[in-house]
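**Student:** Sharing a structure, written as structure tokens. Questions coming.
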Amino acid sequence: MTGIQLRIRPEVTSVQVTYDPVEVATEQFKAEQHQRLFRVLPNFYVSYEANPAPLTAKMKFQLALKISTDPVTAAGVALVSAGRQAANSPKYGQGWAAYGERFGATAADGFSDIMIGGAILPSLLHQDPRYFYQGAGTAGSRIRHAMFSPFVARGDNGTWMPNYSSIGGDLASSALSNLYYPRSNRGIGLVFGNFAIGTAERVGGSLAQEFIFGKLTRRGGRMK
């Protein structure tokens with residue numbers, strides 16, 4: 001018998017790879033909640049990912065509440081209030097009652113700023129409130145990246161746009177200060193004075209994030 005052939009039936013295997021941005025964002029978000037300077041100071045609002053996934057609105061509020069209620073944040077408020085007590089600013093006077101008022105005002109300033117600029121406006125405007133660490137390139141490019149970060153935000157769609165969330169949060173928080181600051185400290189000067197201070201702090205903080213804090217932050221279970 002001739003012409004006999006053994007034919008093997010072909011098997012086709014297909015693998016379908018899907019990308020779920022919410023799942024990726026959840027994993028990255030969990031890691032960011034453990035980022036701390038010297039393993040103590042919270043450093044949650046920084047993304048070290050090469051391809052960061054956008055945060056959901058729920059994550060933005062969770063992050064704002066976490067940083068606002070962190071024990072280290074409360075200790076920082078107490079320290080800043082003590083400095084304001086020494087400088088008699090705002091003009092609440094002296095004594096423990098005055099210190100309590102300063103503590104409350106400082107806490108209210110920080111809470112309103114982080115909730116409005118870090119959660120409410122970013123959710124409404126679809127902007128990401130985090131700082132995106134560059135970590136590579138020339139020193140000049142990294143300086144520009146850090147200094148412009150308070151004014152340029154990454155949108156949830158990955159594009160860059162004016163940082164209305166940060167600017168709006170600072171202005172709104174400064175305006176709310178008129179509700180509880182002493183009458184002698186209220187006015188338009190308070191709004192724009194606090195706004196200027198807040199913006200300068202953001203620029204300085206971004207520069208520190210880019211060149212200092214990134215090396216001192218525990219991330220991914222280790223220092224990098």
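Labeling convention for the structure tokens: chains A, B, ... as they appear, residues from 1 per chain, ligands from 1 in order of appearance.
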Set the distance at 9 Å and use only C-alpha atoms: which residues neighbour Ile143 of chain A once local chain neighbours fewer than 2 positions away are removed? I'd like the list as a list in words.

**Tutor:**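 Contacts, in chain order: Thr138, Ala139, Gly140, Ser141, His145, Ala146, Met147, Phe148, Ser206, Leu207, Glu210 and Phe211 of chain A.
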
**Student:** If we count only C-alpha atoms, what is near Glu49 of chain A at a cut-off of 12 Å, once residues fewer than 3 positions away on the same chain are taken out, given as an mmCIF file with N, CA, C and O atoms, in the first residue's frame?

**Tutor:**
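For reference, part.cif as written:
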```
data_model
loop_
_atom_site.group_PDB
_atom_site.id
_atom_site.type_symbol
_atom_site.label_atom_id
_atom_site.label_comp_id
_atom_site.auth_asym_id
_atom_site.auth_seq_id
_atom_site.Cartn_x
_atom_site.Cartn_y
_atom_site.Cartn_z
ATOM 1 N N VAL A 24 -5.367 48.470 37.296
ATOM 2 C CA VAL A 24 -3.990 48.968 37.354
ATOM 3 C C VAL A 24 -3.891 50.141 38.319
ATOM 4 O O VAL A 24 -2.970 50.222 39.142
ATOM 5 N N ALA A 25 -4.850 51.067 38.224
ATOM 6 C CA ALA A 25 -4.850 52.224 39.112
ATOM 7 C C ALA A 25 -4.988 51.795 40.568
ATOM 8 O O ALA A 25 -4.369 52.383 41.459
ATOM 9 N N GLU A 27 -3.930 48.996 41.985
ATOM 10 C CA GLU A 27 -2.656 48.457 42.465
ATOM 11 C C GLU A 27 -1.642 49.568 42.709
ATOM 12 O O GLU A 27 -0.932 49.572 43.723
ATOM 13 N N GLN A 28 -1.572 50.526 41.797
ATOM 14 C CA GLN A 28 -0.652 51.646 41.972
ATOM 15 C C GLN A 28 -1.063 52.502 43.157
ATOM 16 O O GLN A 28 -0.218 52.982 43.926
ATOM 17 N N PHE A 29 -2.372 52.676 43.315
ATOM 18 C CA PHE A 29 -2.907 53.485 44.413
ATOM 19 C C PHE A 29 -2.569 52.859 45.765
ATOM 20 O O PHE A 29 -2.198 53.557 46.716
ATOM 21 N N ALA A 31 -0.012 51.027 46.465
ATOM 22 C CA ALA A 31 1.417 51.224 46.713
ATOM 23 C C ALA A 31 1.709 52.650 47.166
ATOM 24 O O ALA A 31 2.521 52.874 48.078
ATOM 25 N N GLU A 32 1.036 53.632 46.566
ATOM 26 C CA GLU A 32 1.280 55.033 46.905
ATOM 27 C C GLU A 32 0.863 55.359 48.335
ATOM 28 O O GLU A 32 1.445 56.247 48.967
ATOM 29 N N VAL A 46 2.532 61.450 45.194
ATOM 30 C CA VAL A 46 3.579 61.363 44.183
ATOM 31 C C VAL A 46 3.451 60.031 43.464
ATOM 32 O O VAL A 46 3.292 58.992 44.100
ATOM 33 N N PRO A 52 1.638 55.831 34.676
ATOM 34 C CA PRO A 52 0.616 55.849 35.732
ATOM 35 C C PRO A 52 -0.801 55.787 35.171
ATOM 36 O O PRO A 52 -1.121 56.441 34.178
ATOM 37 N N ALA A 53 -1.636 54.999 35.812
ATOM 38 C CA ALA A 53 -3.052 54.932 35.444
ATOM 39 C C ALA A 53 -3.798 56.043 36.180
ATOM 40 O O ALA A 53 -3.431 56.401 37.305
ATOM 41 N N PRO A 54 -4.825 56.620 35.576
ATOM 42 C CA PRO A 54 -5.565 57.711 36.234
ATOM 43 C C PRO A 54 -6.338 57.206 37.446
ATOM 44 O O PRO A 54 -6.830 56.081 37.472
ATOM 45 N N ARG A 130 -1.859 64.399 41.603
ATOM 46 C CA ARG A 130 -0.548 63.939 42.044
ATOM 47 C C ARG A 130 0.593 64.655 41.310
ATOM 48 O O ARG A 130 0.412 65.213 40.238
ATOM 49 N N TYR A 131 1.780 64.584 41.937
ATOM 50 C CA TYR A 131 3.000 65.023 41.264
ATOM 51 C C TYR A 131 3.604 63.810 40.574
ATOM 52 O O TYR A 131 3.741 62.744 41.180
ATOM 53 N N PHE A 132 3.994 63.973 39.313
ATOM 54 C CA PHE A 132 4.541 62.859 38.542
ATOM 55 C C PHE A 132 6.063 63.011 38.452
ATOM 56 O O PHE A 132 6.570 63.890 37.771
ATOM 57 N N TYR A 133 6.728 62.142 39.178
ATOM 58 C CA TYR A 133 8.184 62.189 39.281
ATOM 59 C C TYR A 133 8.827 61.906 37.930
ATOM 60 O O TYR A 133 8.526 60.910 37.273
ATOM 61 N N GLN A 134 9.716 62.798 37.493
ATOM 62 C CA GLN A 134 10.406 62.592 36.222
ATOM 63 C C GLN A 134 11.655 61.736 36.429
ATOM 64 O O GLN A 134 11.824 60.707 35.791
ATOM 65 N N GLY A 135 12.541 62.172 37.306
ATOM 66 C CA GLY A 135 13.672 61.357 37.713
ATOM 67 C C GLY A 135 14.739 61.104 36.681
ATOM 68 O O GLY A 135 15.728 60.433 36.961
ATOM 69 N N ARG A 219 9.344 53.149 48.802
ATOM 70 C CA ARG A 219 8.322 52.782 47.821
ATOM 71 C C ARG A 219 8.590 51.377 47.314
ATOM 72 O O ARG A 219 9.734 50.968 47.174
ATOM 73 N N GLY A 220 7.539 50.667 47.072
ATOM 74 C CA GLY A 220 7.679 49.295 46.627
ATOM 75 C C GLY A 220 8.364 48.411 47.658
ATOM 76 O O GLY A 220 9.014 47.431 47.332
#
```

**Student:** Go through segment 145-206 of chain A and flag each residue having an atom no more than 8 Å from segment 109-125 of chain A; for those, report the closest pair of atoms plus their distance in Å to one decimal, using only C-alpha atoms, ordered by chain and rising number, as CSV.

**Tutor:**
```
residue,atom,partner,partner_atom,distance
A:Tyr164,CA,A:Leu121,CA,7.9
A:Ser165,CA,A:Gly117,CA,5.0
A:Ser166,CA,A:Gly117,CA,4.9
A:Ile167,CA,A:Gly117,CA,7.5
A:Gly168,CA,A:Gly117,CA,6.5
A:Gly169,CA,A:Gly117,CA,3.8
A:Asp170,CA,A:Asp113,CA,5.9
A:Ala172,CA,A:Asp113,CA,7.5
A:Ser173,CA,A:Asp113,CA,5.1
A:Ser174,CA,A:Asp109,CA,7.4
A:Ser177,CA,A:Asp109,CA,6.8
```

**Student:** If you measure from atom CA of Asp70 of chain A to atom CA of Leu41 of chain A, what distance in Å do you get, rounded to one decimal?

**Tutor:**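 Calculated distance between atom CA of Asp70 of chain A and atom CA of Leu41 of chain A is 9.4 Å.
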
**Student:** DSSP on the backbone, strand (DSSP E) only: what residues of segment 72-202 of chain A does that give? Format it as a list in words.

**Tutor:**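 Listing strand (DSSP E) positions across segment 72-202 of chain A yields Gln127, Asp128, Tyr131, Phe132, Val152, Ala153, Arg154, Gly155, Trp160, Met161 and Pro162 of chain A.
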
**Student:** Smallest atom-to-atom distance to Asn194 of chain A: which of A:Asn43, A:Thr69, A:Thr217, A:Thr106, using only C-alpha atoms?

**Tutor:**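 Ranked by minimum distance to Asn194 of chain A, first place goes to A:Thr106.
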
**Student:** Within 12 Å of Gly76 of chain A, counting only C-alpha atoms, which residues show up once you throw out same-chain ones fewer than 2 positions away? Write them as a PyMOL selection string, please.

**Tutor:** chain A and resi 41-42+67-74+78-83+103+106-107+110

**Student:** Do you know which residues are at most 10 Å from Tyr99 of chain A counting only C-alpha atoms, after dropping those on the same chain fewer than 6 positions away, and could you put them as a ChimeraX atom specification?

**Tutor:** /A:78,81-82,84-86,88,92-93,105

**Student:** Residues of the last selection are to be written out with all heavy atoms, as a compact mmCIF listing (two decimals), in the first residue's frame.

**Tutor:**
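Output file selection_18.txt follows:
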```txt
# COMPACT_ATOMS: atom_id res chain seq x y z
N ALA A 78 0.13 71.00 64.53
CA ALA A 78 0.49 71.48 65.87
C ALA A 78 1.78 72.28 65.83
O ALA A 78 1.90 73.32 66.49
CB ALA A 78 0.62 70.29 66.82
N SER A 81 1.18 75.64 64.09
CA SER A 81 0.40 76.49 64.99
C SER A 81 1.29 77.10 66.07
O SER A 81 1.10 78.25 66.47
CB SER A 81 -0.74 75.69 65.62
OG SER A 81 -1.59 75.15 64.63
N ALA A 82 2.26 76.32 66.53
CA ALA A 82 3.19 76.84 67.54
C ALA A 82 4.03 77.97 66.96
O ALA A 82 4.29 78.99 67.62
CB ALA A 82 4.09 75.72 68.04
N ARG A 84 3.11 79.95 64.51
CA ARG A 84 2.21 81.09 64.37
C ARG A 84 1.92 81.75 65.71
O ARG A 84 1.74 82.97 65.79
CB ARG A 84 0.90 80.62 63.72
CG ARG A 84 1.01 80.27 62.25
CD ARG A 84 -0.35 79.91 61.67
NE ARG A 84 -0.33 79.87 60.22
CZ ARG A 84 -1.41 79.71 59.47
NH1 ARG A 84 -2.60 79.53 60.06
NH2 ARG A 84 -1.32 79.70 58.16
N GLN A 85 1.89 80.94 66.76
CA GLN A 85 1.69 81.49 68.10
C GLN A 85 2.83 82.43 68.47
O GLN A 85 2.61 83.51 69.00
CB GLN A 85 1.60 80.34 69.11
CG GLN A 85 1.37 80.78 70.55
CD GLN A 85 -0.11 80.91 70.88
OE1 GLN A 85 -0.96 80.91 70.00
NE2 GLN A 85 -0.41 81.05 72.15
N ALA A 86 4.04 82.00 68.14
CA ALA A 86 5.20 82.82 68.46
C ALA A 86 5.20 84.13 67.67
O ALA A 86 5.64 85.17 68.17
CB ALA A 86 6.48 82.04 68.18
N ASN A 88 2.42 85.55 66.59
CA ASN A 88 1.10 86.16 66.79
C ASN A 88 0.38 86.36 65.46
O ASN A 88 -0.15 87.43 65.16
CB ASN A 88 1.21 87.51 67.52
CG ASN A 88 -0.15 87.98 68.02
OD1 ASN A 88 -1.02 87.19 68.33
ND2 ASN A 88 -0.32 89.31 68.09
N TYR A 92 -4.86 86.27 67.05
CA TYR A 92 -5.79 85.73 68.03
C TYR A 92 -5.38 86.10 69.45
O TYR A 92 -6.13 85.86 70.40
CB TYR A 92 -5.83 84.20 67.93
CG TYR A 92 -6.57 83.67 66.71
CD1 TYR A 92 -5.89 82.97 65.73
CD2 TYR A 92 -7.95 83.86 66.57
CE1 TYR A 92 -6.56 82.45 64.63
CE2 TYR A 92 -8.62 83.36 65.46
CZ TYR A 92 -7.92 82.65 64.49
OH TYR A 92 -8.58 82.16 63.40
N GLY A 93 -4.18 86.64 69.63
CA GLY A 93 -3.66 86.91 70.96
C GLY A 93 -2.74 85.79 71.40
O GLY A 93 -2.21 85.04 70.59
N ALA A 105 -7.62 76.95 62.93
CA ALA A 105 -7.53 77.67 61.66
C ALA A 105 -6.53 77.00 60.72
O ALA A 105 -6.78 76.86 59.52
CB ALA A 105 -7.11 79.12 61.93
```

**Student:** How many Å separate atom CA of Ala136 of chain A from atom CA of Leu216 of chain A?

**Tutor:** 16.4 Å

**Student:** Just list the residues in segment 20-208 of chain A DSSP gives helix (DSSP H, G or I) on the backbone, as a ChimeraX atom specification.

**Tutor:** /A:21-32,57-69,71-87,96-125,139-148,164-179,183-185,188-208

**Student:** Identify which of the residues A:Asn51, A:Gln35, A:Gln127, A:Gln94 lies closest to Gly214 of chain A, counting only C-alpha atoms when measuring atom-to-atom distances.

**Tutor:** A:Gln35

**Student:** Mind pulling up the distance from atom CA of Ala208 of chain A to atom CA of Val22 of chain A?

**Tutor:**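 Distance between the two atoms: 29.6 Å.
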
**Student:** In terms of the shortest atom-to-atom distance over only C-alpha atoms, which of A:Gly95, A:Asn178, A:Val152, A:Lys58 is closest to Thr26 of chain A?

**Tutor:**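 Using only C-alpha atoms, the shortest distance to Thr26 of chain A belongs to A:Lys58.
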